[in-house]
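Student: Got protein-v1.cif for you, mmCIF, C-alpha atoms; chains and numbers go by the auth columns:
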```cif
data_final
#
loop_
_atom_site.group_PDB
_atom_site.id
_atom_site.type_symbol
_atom_site.label_atom_id
_atom_site.label_comp_id
_atom_site.label_asym_id
_atom_site.label_seq_id
_atom_site.Cartn_x
_atom_site.Cartn_y
_atom_site.Cartn_z
_atom_site.B_iso_or_equiv
_atom_site.auth_seq_id
_atom_site.auth_asym_id
ATOM 1 C CA MET A 1 120.857 54.904 106.332 0.00 64 H
ATOM 2 C CA PHE A 2 117.250 56.112 105.988 0.00 65 H
ATOM 3 C CA LYS A 3 117.450 57.700 109.436 0.00 66 H
ATOM 4 C CA LYS A 4 120.599 59.648 108.434 0.00 67 H
ATOM 5 C CA ILE A 5 118.858 60.972 105.312 0.00 68 H
ATOM 6 C CA ILE A 6 115.830 62.119 107.336 0.00 69 H
ATOM 7 C CA VAL A 7 118.066 63.808 109.933 0.00 70 H
ATOM 8 C CA GLY A 8 120.122 65.458 107.176 0.00 71 H
ATOM 9 C CA LEU A 9 117.021 66.753 105.382 0.00 72 H
ATOM 10 C CA SER A 10 115.554 67.995 108.668 0.00 73 H
ATOM 11 C CA VAL A 11 118.747 69.908 109.469 0.00 74 H
ATOM 12 C CA LEU A 12 118.797 71.376 105.949 0.00 75 H
ATOM 13 C CA ILE A 13 115.163 72.493 106.262 0.00 76 H
ATOM 14 C CA LEU A 14 115.852 74.068 109.658 0.00 77 H
ATOM 15 C CA ILE A 15 118.842 75.948 108.239 0.00 78 H
ATOM 16 C CA VAL A 16 116.746 77.282 105.331 0.00 79 H
ATOM 17 C CA LEU A 17 113.973 78.365 107.709 0.00 80 H
ATOM 18 C CA ALA A 18 116.476 80.036 110.052 0.00 81 H
ATOM 19 C CA VAL A 19 118.141 81.924 107.200 0.00 82 H
ATOM 20 C CA ALA A 20 114.713 83.006 105.889 0.00 83 H
ATOM 21 C CA ALA A 21 113.748 84.289 109.345 0.00 84 H
ATOM 22 C CA VAL A 22 116.671 86.726 109.414 0.00 85 H
ATOM 23 C CA GLN A 23 116.055 88.161 105.932 0.00 86 H
ATOM 24 C CA PRO A 24 115.120 91.877 105.717 0.00 87 H
ATOM 25 C CA ALA A 25 111.611 92.761 106.878 0.00 88 H
ATOM 26 C CA THR A 26 111.117 95.196 103.988 0.00 89 H
ATOM 27 C CA TYR A 27 111.800 95.403 100.264 0.00 90 H
ATOM 28 C CA SER A 28 112.241 98.216 97.787 0.00 91 H
ATOM 29 C CA VAL A 29 112.402 98.122 93.996 0.00 92 H
ATOM 30 C CA THR A 30 113.468 101.254 92.085 0.00 93 H
ATOM 31 C CA ARG A 31 113.922 102.074 88.409 0.00 94 H
ATOM 32 C CA SER A 32 114.435 105.409 86.618 0.00 95 H
ATOM 33 C CA VAL A 33 114.273 106.839 83.131 0.00 96 H
ATOM 34 C CA ALA A 34 115.024 110.221 81.559 0.00 97 H
ATOM 35 C CA ILE A 35 112.070 111.535 79.554 0.00 98 H
ATOM 36 C CA LYS A 36 112.276 114.509 77.202 0.00 99 H
ATOM 37 C CA ALA A 37 109.079 116.106 78.462 0.00 100 H
ATOM 38 C CA PRO A 38 108.212 118.434 81.347 0.00 101 H
ATOM 39 C CA PRO A 39 106.845 116.988 84.607 0.00 102 H
ATOM 40 C CA GLU A 40 103.415 118.527 83.952 0.00 103 H
ATOM 41 C CA LYS A 41 103.068 116.374 80.808 0.00 104 H
ATOM 42 C CA ILE A 42 104.185 113.194 82.593 0.00 105 H
ATOM 43 C CA GLN A 43 102.270 113.518 85.876 0.00 106 H
ATOM 44 C CA PRO A 44 98.783 112.988 84.319 0.00 107 H
ATOM 45 C CA LEU A 45 100.017 109.701 82.835 0.00 108 H
ATOM 46 C CA ILE A 46 100.533 108.523 86.424 0.00 109 H
ATOM 47 C CA SER A 47 97.906 110.304 88.545 0.00 110 H
ATOM 48 C CA ASP A 48 95.009 109.600 86.157 0.00 111 H
ATOM 49 C CA PHE A 49 94.568 105.820 86.176 0.00 112 H
ATOM 50 C CA HIS A 50 92.636 105.994 82.902 0.00 113 H
ATOM 51 C CA ASN A 51 96.015 106.734 81.264 0.00 114 H
ATOM 52 C CA TRP A 52 97.771 103.636 82.626 0.00 115 H
ATOM 53 C CA VAL A 53 96.494 101.559 79.706 0.00 116 H
ATOM 54 C CA GLN A 54 98.943 103.533 77.526 0.00 117 H
ATOM 55 C CA TRP A 55 102.064 102.513 79.435 0.00 118 H
ATOM 56 C CA SER A 56 101.542 100.063 82.323 0.00 119 H
ATOM 57 C CA PRO A 57 103.410 96.785 81.787 0.00 120 H
ATOM 58 C CA TRP A 58 100.463 94.804 83.194 0.00 121 H
ATOM 59 C CA GLU A 59 97.568 96.337 81.254 0.00 122 H
ATOM 60 C CA HIS A 60 97.875 94.083 78.208 0.00 123 H
ATOM 61 C CA LEU A 61 98.525 90.780 80.004 0.00 124 H
ATOM 62 C CA ASP A 62 94.786 90.090 80.242 0.00 125 H
ATOM 63 C CA PRO A 63 92.577 91.539 77.488 0.00 126 H
ATOM 64 C CA ALA A 64 89.472 90.511 79.474 0.00 127 H
ATOM 65 C CA MET A 65 90.629 92.154 82.716 0.00 128 H
ATOM 66 C CA ASN A 66 87.806 93.805 84.653 0.00 129 H
ATOM 67 C CA ARG A 67 88.714 97.410 85.594 0.00 130 H
ATOM 68 C CA THR A 68 86.798 99.791 87.831 0.00 131 H
ATOM 69 C CA PHE A 69 87.507 103.436 88.568 0.00 132 H
ATOM 70 C CA SER A 70 86.123 105.186 91.630 0.00 133 H
ATOM 71 C CA GLY A 71 86.891 108.000 94.030 0.00 134 H
ATOM 72 C CA ALA A 72 88.115 111.171 92.375 0.00 135 H
ATOM 73 C CA PRO A 73 88.083 110.958 88.558 0.00 136 H
ATOM 74 C CA LYS A 74 91.848 111.594 88.572 0.00 137 H
ATOM 75 C CA ASP A 75 94.665 112.840 90.799 0.00 138 H
ATOM 76 C CA LEU A 76 94.390 112.757 94.611 0.00 139 H
ATOM 77 C CA GLY A 77 91.778 110.209 95.742 0.00 140 H
ATOM 78 C CA ALA A 78 91.534 108.427 92.395 0.00 141 H
ATOM 79 C CA VAL A 79 91.012 104.673 92.769 0.00 142 H
ATOM 80 C CA TYR A 80 91.640 101.913 90.262 0.00 143 H
ATOM 81 C CA ALA A 81 90.714 98.292 90.948 0.00 144 H
ATOM 82 C CA TRP A 82 91.225 95.296 88.718 0.00 145 H
ATOM 83 C CA GLN A 83 90.451 91.618 88.552 0.00 146 H
ATOM 84 C CA GLY A 84 92.024 89.462 85.914 0.00 147 H
ATOM 85 C CA ASN A 85 93.771 86.259 85.003 0.00 148 H
ATOM 86 C CA ARG A 86 96.586 84.721 87.049 0.00 149 H
ATOM 87 C CA GLN A 87 99.170 87.016 85.400 0.00 150 H
ATOM 88 C CA VAL A 88 97.549 90.195 86.740 0.00 151 H
ATOM 89 C CA GLY A 89 95.597 88.868 89.718 0.00 152 H
ATOM 90 C CA ALA A 90 93.308 91.253 91.572 0.00 153 H
ATOM 91 C CA GLY A 91 93.992 94.437 93.474 0.00 154 H
ATOM 92 C CA ARG A 92 93.417 98.113 94.055 0.00 155 H
ATOM 93 C CA MET A 93 95.455 101.323 93.765 0.00 156 H
ATOM 94 C CA GLU A 94 94.704 104.746 95.207 0.00 157 H
ATOM 95 C CA VAL A 95 96.501 108.055 94.695 0.00 158 H
ATOM 96 C CA ILE A 96 97.273 109.066 98.291 0.00 159 H
ATOM 97 C CA SER A 97 99.681 111.971 97.750 0.00 160 H
ATOM 98 C CA LEU A 98 100.228 114.379 94.917 0.00 161 H
ATOM 99 C CA THR A 99 102.671 117.245 94.427 0.00 162 H
ATOM 100 C CA PRO A 100 104.175 118.651 91.238 0.00 163 H
ATOM 101 C CA SER A 101 107.227 116.456 91.818 0.00 164 H
ATOM 102 C CA LYS A 102 105.714 113.258 93.249 0.00 165 H
ATOM 103 C CA VAL A 103 102.743 110.910 92.952 0.00 166 H
ATOM 104 C CA GLY A 104 102.227 108.505 95.870 0.00 167 H
ATOM 105 C CA ILE A 105 100.055 105.426 95.394 0.00 168 H
ATOM 106 C CA LYS A 106 98.864 102.831 97.897 0.00 169 H
ATOM 107 C CA LEU A 107 98.837 99.433 96.212 0.00 170 H
ATOM 108 C CA ASP A 108 96.890 96.477 97.594 0.00 171 H
ATOM 109 C CA PHE A 109 97.041 93.037 96.010 0.00 172 H
ATOM 110 C CA TYR A 110 94.300 90.538 96.843 0.00 173 H
ATOM 111 C CA VAL A 111 95.185 87.725 94.410 0.00 174 H
ATOM 112 C CA PRO A 112 97.442 85.761 93.959 0.00 175 H
ATOM 113 C CA VAL A 113 99.006 86.824 97.287 0.00 176 H
ATOM 114 C CA GLU A 114 97.516 89.381 99.646 0.00 177 H
ATOM 115 C CA SER A 115 99.935 92.249 100.242 0.00 178 H
ATOM 116 C CA SER A 116 100.174 96.020 100.516 0.00 179 H
ATOM 117 C CA SER A 117 102.884 98.359 99.355 0.00 180 H
ATOM 118 C CA LEU A 118 103.570 102.001 98.629 0.00 181 H
ATOM 119 C CA THR A 119 104.525 103.172 95.192 0.00 182 H
ATOM 120 C CA ASP A 120 106.120 106.539 94.492 0.00 183 H
ATOM 121 C CA PHE A 121 106.774 108.227 91.190 0.00 184 H
ATOM 122 C CA VAL A 122 109.253 111.075 91.609 0.00 185 H
ATOM 123 C CA LEU A 123 109.462 113.625 88.768 0.00 186 H
ATOM 124 C CA GLU A 124 112.702 115.595 88.822 0.00 187 H
ATOM 125 C CA PRO A 125 113.285 118.258 86.133 0.00 188 H
ATOM 126 C CA LYS A 126 116.642 117.732 84.404 0.00 189 H
ATOM 127 C CA GLY A 127 117.611 120.127 81.620 0.00 190 H
ATOM 128 C CA ASP A 128 115.004 119.841 78.851 0.00 191 H
ATOM 129 C CA GLY A 129 113.398 116.781 80.387 0.00 192 H
ATOM 130 C CA THR A 130 112.419 114.931 83.529 0.00 193 H
ATOM 131 C CA GLN A 131 114.009 112.103 85.464 0.00 194 H
ATOM 132 C CA VAL A 132 111.170 109.755 86.458 0.00 195 H
ATOM 133 C CA THR A 133 111.905 107.367 89.330 0.00 196 H
ATOM 134 C CA TRP A 134 109.452 104.567 90.125 0.00 197 H
ATOM 135 C CA THR A 135 109.812 102.944 93.551 0.00 198 H
ATOM 136 C CA MET A 136 107.700 100.279 95.215 0.00 199 H
ATOM 137 C CA SER A 137 108.337 99.341 98.828 0.00 200 H
ATOM 138 C CA GLY A 138 106.646 97.191 101.394 0.00 201 H
ATOM 139 C CA LYS A 139 106.952 94.708 104.215 0.00 202 H
ATOM 140 C CA THR A 140 107.913 91.085 103.735 0.00 203 H
ATOM 141 C CA ASP A 141 106.165 88.372 105.703 0.00 204 H
ATOM 142 C CA PHE A 142 107.823 85.017 106.382 0.00 205 H
ATOM 143 C CA VAL A 143 106.633 83.454 103.109 0.00 206 H
ATOM 144 C CA ALA A 144 108.053 86.410 101.146 0.00 207 H
ATOM 145 C CA LYS A 145 111.317 86.111 103.062 0.00 208 H
ATOM 146 C CA LEU A 146 111.479 82.424 102.192 0.00 209 H
ATOM 147 C CA MET A 147 110.743 83.129 98.517 0.00 210 H
ATOM 148 C CA GLY A 148 113.304 85.947 98.577 0.00 211 H
ATOM 149 C CA MET A 149 116.036 83.440 99.253 0.00 212 H
ATOM 150 C CA PHE A 150 115.486 82.042 95.760 0.00 213 H
ATOM 151 C CA VAL A 151 114.184 85.024 93.764 0.00 214 H
ATOM 152 C CA SER A 152 114.323 88.691 94.744 0.00 215 H
ATOM 153 C CA MET A 153 111.517 91.213 94.463 0.00 216 H
ATOM 154 C CA ASP A 154 113.907 93.302 92.374 0.00 217 H
ATOM 155 C CA SER A 155 114.344 90.548 89.797 0.00 218 H
ATOM 156 C CA MET A 156 110.592 89.829 89.754 0.00 219 H
ATOM 157 C CA ILE A 157 109.332 93.419 89.477 0.00 220 H
ATOM 158 C CA GLY A 158 112.305 95.403 88.140 0.00 221 H
ATOM 159 C CA PRO A 159 111.973 94.271 84.502 0.00 222 H
ATOM 160 C CA ALA A 160 108.272 95.220 84.504 0.00 223 H
ATOM 161 C CA PHE A 161 109.166 98.678 85.855 0.00 224 H
ATOM 162 C CA GLU A 162 111.762 99.074 83.093 0.00 225 H
ATOM 163 C CA SER A 163 109.208 98.077 80.445 0.00 226 H
ATOM 164 C CA GLY A 164 106.569 100.430 81.884 0.00 227 H
ATOM 165 C CA LEU A 165 108.973 103.360 82.072 0.00 228 H
ATOM 166 C CA ALA A 166 110.076 102.768 78.470 0.00 229 H
ATOM 167 C CA LYS A 167 106.420 102.828 77.361 0.00 230 H
ATOM 168 C CA MET A 168 105.765 105.939 79.486 0.00 231 H
ATOM 169 C CA LYS A 169 108.745 107.623 77.830 0.00 232 H
ATOM 170 C CA ALA A 170 107.421 106.784 74.352 0.00 233 H
ATOM 171 C CA VAL A 171 103.961 108.152 75.200 0.00 234 H
ATOM 172 C CA ALA A 172 105.256 111.333 76.899 0.00 235 H
ATOM 173 C CA GLU A 173 107.744 112.145 74.129 0.00 236 H
ATOM 174 C CA LYS A 174 105.108 112.040 71.337 0.00 237 H
#
```
Could you rewrite the structure in this file as structure tokens?

Tutor:
Amino acid sequence: MFKKIIVGLSVLILIVLAVAAVQPATYSVTRSVAIKAPPEKIQPLISDFHNWVQWSPWEHLDPAMNRTFSGAPKDLGAVYAWQGNRQVGAGRMEVISLTPSKVGIKLDFYVPVESSSLTDFVLEPKGDGTQVTWTMSGKTDFVAKLMGMFVSMDSMIGPAFESGLAKMKAVAEK
């Protein structure tokens, strides 16, 4: 009987590993919000990392978080690094592209899991406001594929994006 249980568990584990191996090699999480403000009022909230404290969903998770700013003071080349508790971990962001309609950011996490992704904020004028779309995309290694079988990146990050965009909207519409 014990042998049958071990064989059954082994087969189950192999099936889970095989299914994980064929999961997508990339992920993408996107959220949008309409803000009653022009793009030129919204863009500095994104491209100047000093302004993230006003709207980022992660800024208030660790009051003692260590933040450093380097590179350009804002806009293209601006760098923001942080080290905090287990809720925010440690990482670095850099503005790598900037146009009137888009801010591109390279995001590197060091803790709790080392990973890199690209984040884009697209600012599209719509009537008397702006449609802001926040997208993060990256590659998934085997561990992420395995985790993705039980919880998706969209369900982990999407609610934080929604919260951040709602805060950004409140700040920009003042």

Student: In Å to one decimal, how far is CA of Arg94 (chain H) from CA of Arg149 (chain H)?

Tutor: 24.6 Å

Student: Carefully work through the PyMOL selection byres ((chain H and resi 90) around 6) for this structure and note down the residues it includes, as a compact mmCIF listing (two decimals) with C-alpha atoms, in the coordinates of the input.

Tutor:
```txt
# COMPACT_ATOMS: atom_id res chain seq x y z
CA THR H 89 111.12 95.20 103.99
CA SER H 91 112.24 98.22 97.79
CA SER H 200 108.34 99.34 98.83
CA GLY H 201 106.65 97.19 101.39
```

Student: Using only C-alpha atoms, pick whichever of H:Ser110, H:Gln86, H:Thr203, H:Ser215 has the shortest atom-to-atom distance to Pro163 (chain H).

Tutor: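 Once distances to Pro163 (chain H) are computed over only C-alpha atoms, the minimum belongs to H:Ser110.
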
Student: Could you state which residues are captured by the PyMOL selection byres ((chain H and resi 169) around 8) in this file, as a list in words?

Tutor: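 Matching residues under the PyMOL selection byres ((chain H and resi 169) around 8) are Met156, Glu157, Val158, Ile159, Gly167, Ile168, Leu170, Asp171, Ser179, Ser180, Leu181 and Thr182 of chain H.
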
Student: Please determine, counting all atoms listed in the file, which residue among H:Ala83, H:Val234, H:Ile69, H:Ile78 has the shortest atom-to-atom distance to Gly211 (chain H).

Tutor: H:Ala83

Student: Run the PyMOL selection byres ((chain H and resi 195) around 12) mentally over the shown coordinates, then write out the matched residues as number ranges by chain, using the chain letters and numbers from the document.

Tutor: H: 93-106, 108-109, 164-166, 183-189, 192-194, 196-198, 224-225, 227-229, 231-232, 235

Student: For Lys230 (chain H), which residue out of H:Val116, H:Met64, H:Ala135, H:Val206 is the nearest one, using all atoms listed in the file?

Tutor: H:Val116

Student: Smallest atom-to-atom distance to Asp204 (chain H): which of H:Trp121, H:Val70, H:Glu177, H:Met128, using all atoms listed in the file?

Tutor: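 Closest to Asp204 (chain H) of all the choices is H:Glu177.
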
Student: Choose the residue, out of H:Pro87, H:Pro136, H:Pro107, H:Gly71, that has the smallest atom-to-atom separation from Phe205 (chain H); count only C-alpha atoms.

Tutor: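 Between H:Pro87, H:Pro136, H:Pro107, H:Gly71, the residue approaching Phe205 (chain H) most closely is H:Pro87.
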
Student: Please, can region 192-222 of chain H be completed to N, CA and C atoms and returned as a PDB file, keeping the file's coordinate frame?

Tutor:
```pdb
ATOM      1  N   GLY H 192     114.241 117.937  80.137  1.00  0.00           N
ATOM      2  CA  GLY H 192     113.398 116.781  80.387  1.00  0.00           C
ATOM      3  C   GLY H 192     113.144 116.544  81.867  1.00  0.00           C
ATOM      4  N   THR H 193     112.776 115.321  82.172  1.00  0.00           N
ATOM      5  CA  THR H 193     112.419 114.931  83.529  1.00  0.00           C
ATOM      6  C   THR H 193     112.983 113.551  83.824  1.00  0.00           C
ATOM      7  N   GLN H 194     113.588 113.422  84.978  1.00  0.00           N
ATOM      8  CA  GLN H 194     114.009 112.103  85.464  1.00  0.00           C
ATOM      9  C   GLN H 194     112.833 111.538  86.243  1.00  0.00           C
ATOM     10  N   VAL H 195     112.290 110.403  85.788  1.00  0.00           N
ATOM     11  CA  VAL H 195     111.170 109.755  86.458  1.00  0.00           C
ATOM     12  C   VAL H 195     111.707 108.533  87.202  1.00  0.00           C
ATOM     13  N   THR H 196     111.463 108.493  88.505  1.00  0.00           N
ATOM     14  CA  THR H 196     111.905 107.367  89.330  1.00  0.00           C
ATOM     15  C   THR H 196     110.684 106.690  89.919  1.00  0.00           C
ATOM     16  N   TRP H 197     110.579 105.387  89.665  1.00  0.00           N
ATOM     17  CA  TRP H 197     109.452 104.567  90.125  1.00  0.00           C
ATOM     18  C   TRP H 197     109.969 103.643  91.219  1.00  0.00           C
ATOM     19  N   THR H 198     109.399 103.770  92.412  1.00  0.00           N
ATOM     20  CA  THR H 198     109.812 102.944  93.551  1.00  0.00           C
ATOM     21  C   THR H 198     108.597 102.282  94.180  1.00  0.00           C
ATOM     22  N   MET H 199     108.720 101.001  94.463  1.00  0.00           N
ATOM     23  CA  MET H 199     107.700 100.279  95.215  1.00  0.00           C
ATOM     24  C   MET H 199     108.377  99.682  96.438  1.00  0.00           C
ATOM     25  N   SER H 200     107.764  99.883  97.600  1.00  0.00           N
ATOM     26  CA  SER H 200     108.337  99.341  98.828  1.00  0.00           C
ATOM     27  C   SER H 200     107.234  98.769  99.699  1.00  0.00           C
ATOM     28  N   GLY H 201     107.625  97.806 100.517  1.00  0.00           N
ATOM     29  CA  GLY H 201     106.646  97.191 101.394  1.00  0.00           C
ATOM     30  C   GLY H 201     107.298  96.279 102.400  1.00  0.00           C
ATOM     31  N   LYS H 202     106.473  95.639 103.198  1.00  0.00           N
ATOM     32  CA  LYS H 202     106.952  94.708 104.215  1.00  0.00           C
ATOM     33  C   LYS H 202     106.952  93.297 103.642  1.00  0.00           C
ATOM     34  N   THR H 203     107.852  92.480 104.154  1.00  0.00           N
ATOM     35  CA  THR H 203     107.913  91.085 103.735  1.00  0.00           C
ATOM     36  C   THR H 203     107.533  90.180 104.904  1.00  0.00           C
ATOM     37  N   ASP H 204     106.523  89.351 104.680  1.00  0.00           N
ATOM     38  CA  ASP H 204     106.165  88.372 105.703  1.00  0.00           C
ATOM     39  C   ASP H 204     107.097  87.166 105.559  1.00  0.00           C
ATOM     40  N   PHE H 205     106.898  86.153 106.381  1.00  0.00           N
ATOM     41  CA  PHE H 205     107.823  85.017 106.382  1.00  0.00           C
ATOM     42  C   PHE H 205     107.843  84.299 105.032  1.00  0.00           C
ATOM     43  N   VAL H 206     106.684  84.139 104.414  1.00  0.00           N
ATOM     44  CA  VAL H 206     106.633  83.454 103.109  1.00  0.00           C
ATOM     45  C   VAL H 206     107.429  84.249 102.077  1.00  0.00           C
ATOM     46  N   ALA H 207     107.288  85.575 102.085  1.00  0.00           N
ATOM     47  CA  ALA H 207     108.053  86.410 101.146  1.00  0.00           C
ATOM     48  C   ALA H 207     109.546  86.330 101.436  1.00  0.00           C
ATOM     49  N   LYS H 208     109.902  86.256 102.704  1.00  0.00           N
ATOM     50  CA  LYS H 208     111.317  86.111 103.062  1.00  0.00           C
ATOM     51  C   LYS H 208     111.863  84.785 102.540  1.00  0.00           C
ATOM     52  N   LEU H 209     111.077  83.741 102.673  1.00  0.00           N
ATOM     53  CA  LEU H 209     111.479  82.424 102.192  1.00  0.00           C
ATOM     54  C   LEU H 209     111.635  82.440 100.673  1.00  0.00           C
ATOM     55  N   MET H 210     110.657  83.019  99.987  1.00  0.00           N
ATOM     56  CA  MET H 210     110.743  83.129  98.517  1.00  0.00           C
ATOM     57  C   MET H 210     111.945  83.983  98.112  1.00  0.00           C
ATOM     58  N   GLY H 211     112.215  85.036  98.882  1.00  0.00           N
ATOM     59  CA  GLY H 211     113.304  85.947  98.577  1.00  0.00           C
ATOM     60  C   GLY H 211     114.678  85.298  98.620  1.00  0.00           C
ATOM     61  N   MET H 212     114.763  84.163  99.245  1.00  0.00           N
ATOM     62  CA  MET H 212     116.036  83.440  99.253  1.00  0.00           C
ATOM     63  C   MET H 212     116.345  82.857  97.874  1.00  0.00           C
ATOM     64  N   PHE H 213     115.314  82.684  97.061  1.00  0.00           N
ATOM     65  CA  PHE H 213     115.486  82.042  95.760  1.00  0.00           C
ATOM     66  C   PHE H 213     115.273  83.003  94.597  1.00  0.00           C
ATOM     67  N   VAL H 214     114.415  84.009  94.795  1.00  0.00           N
ATOM     68  CA  VAL H 214     114.184  85.024  93.764  1.00  0.00           C
ATOM     69  C   VAL H 214     113.848  86.338  94.463  1.00  0.00           C
ATOM     70  N   SER H 215     114.520  87.403  94.072  1.00  0.00           N
ATOM     71  CA  SER H 215     114.323  88.691  94.744  1.00  0.00           C
ATOM     72  C   SER H 215     113.142  89.457  94.146  1.00  0.00           C
ATOM     73  N   MET H 216     112.582  90.328  94.959  1.00  0.00           N
ATOM     74  CA  MET H 216     111.517  91.213  94.463  1.00  0.00           C
ATOM     75  C   MET H 216     112.047  92.056  93.315  1.00  0.00           C
ATOM     76  N   ASP H 217     113.318  92.480  93.424  1.00  0.00           N
ATOM     77  CA  ASP H 217     113.907  93.302  92.374  1.00  0.00           C
ATOM     78  C   ASP H 217     113.924  92.554  91.035  1.00  0.00           C
ATOM     79  N   SER H 218     114.297  91.294  91.053  1.00  0.00           N
ATOM     80  CA  SER H 218     114.344  90.548  89.797  1.00  0.00           C
ATOM     81  C   SER H 218     112.952  90.197  89.286  1.00  0.00           C
ATOM     82  N   MET H 219     111.962  90.121  90.184  1.00  0.00           N
ATOM     83  CA  MET H 219     110.592  89.829  89.754  1.00  0.00           C
ATOM     84  C   MET H 219     109.894  91.071  89.197  1.00  0.00           C
ATOM     85  N   ILE H 220     110.086  92.213  89.834  1.00  0.00           N
ATOM     86  CA  ILE H 220     109.332  93.419  89.477  1.00  0.00           C
ATOM     87  C   ILE H 220     110.144  94.395  88.627  1.00  0.00           C
ATOM     88  N   GLY H 221     111.449  94.445  88.848  1.00  0.00           N
ATOM     89  CA  GLY H 221     112.305  95.403  88.140  1.00  0.00           C
ATOM     90  C   GLY H 221     112.132  95.415  86.629  1.00  0.00           C
ATOM     91  N   PRO H 222     112.150  94.259  85.960  1.00  0.00           N
ATOM     92  CA  PRO H 222     111.973  94.271  84.502  1.00  0.00           C
ATOM     93  C   PRO H 222     110.623  94.863  84.061  1.00  0.00           C
TER      94      PRO H 222
END
```
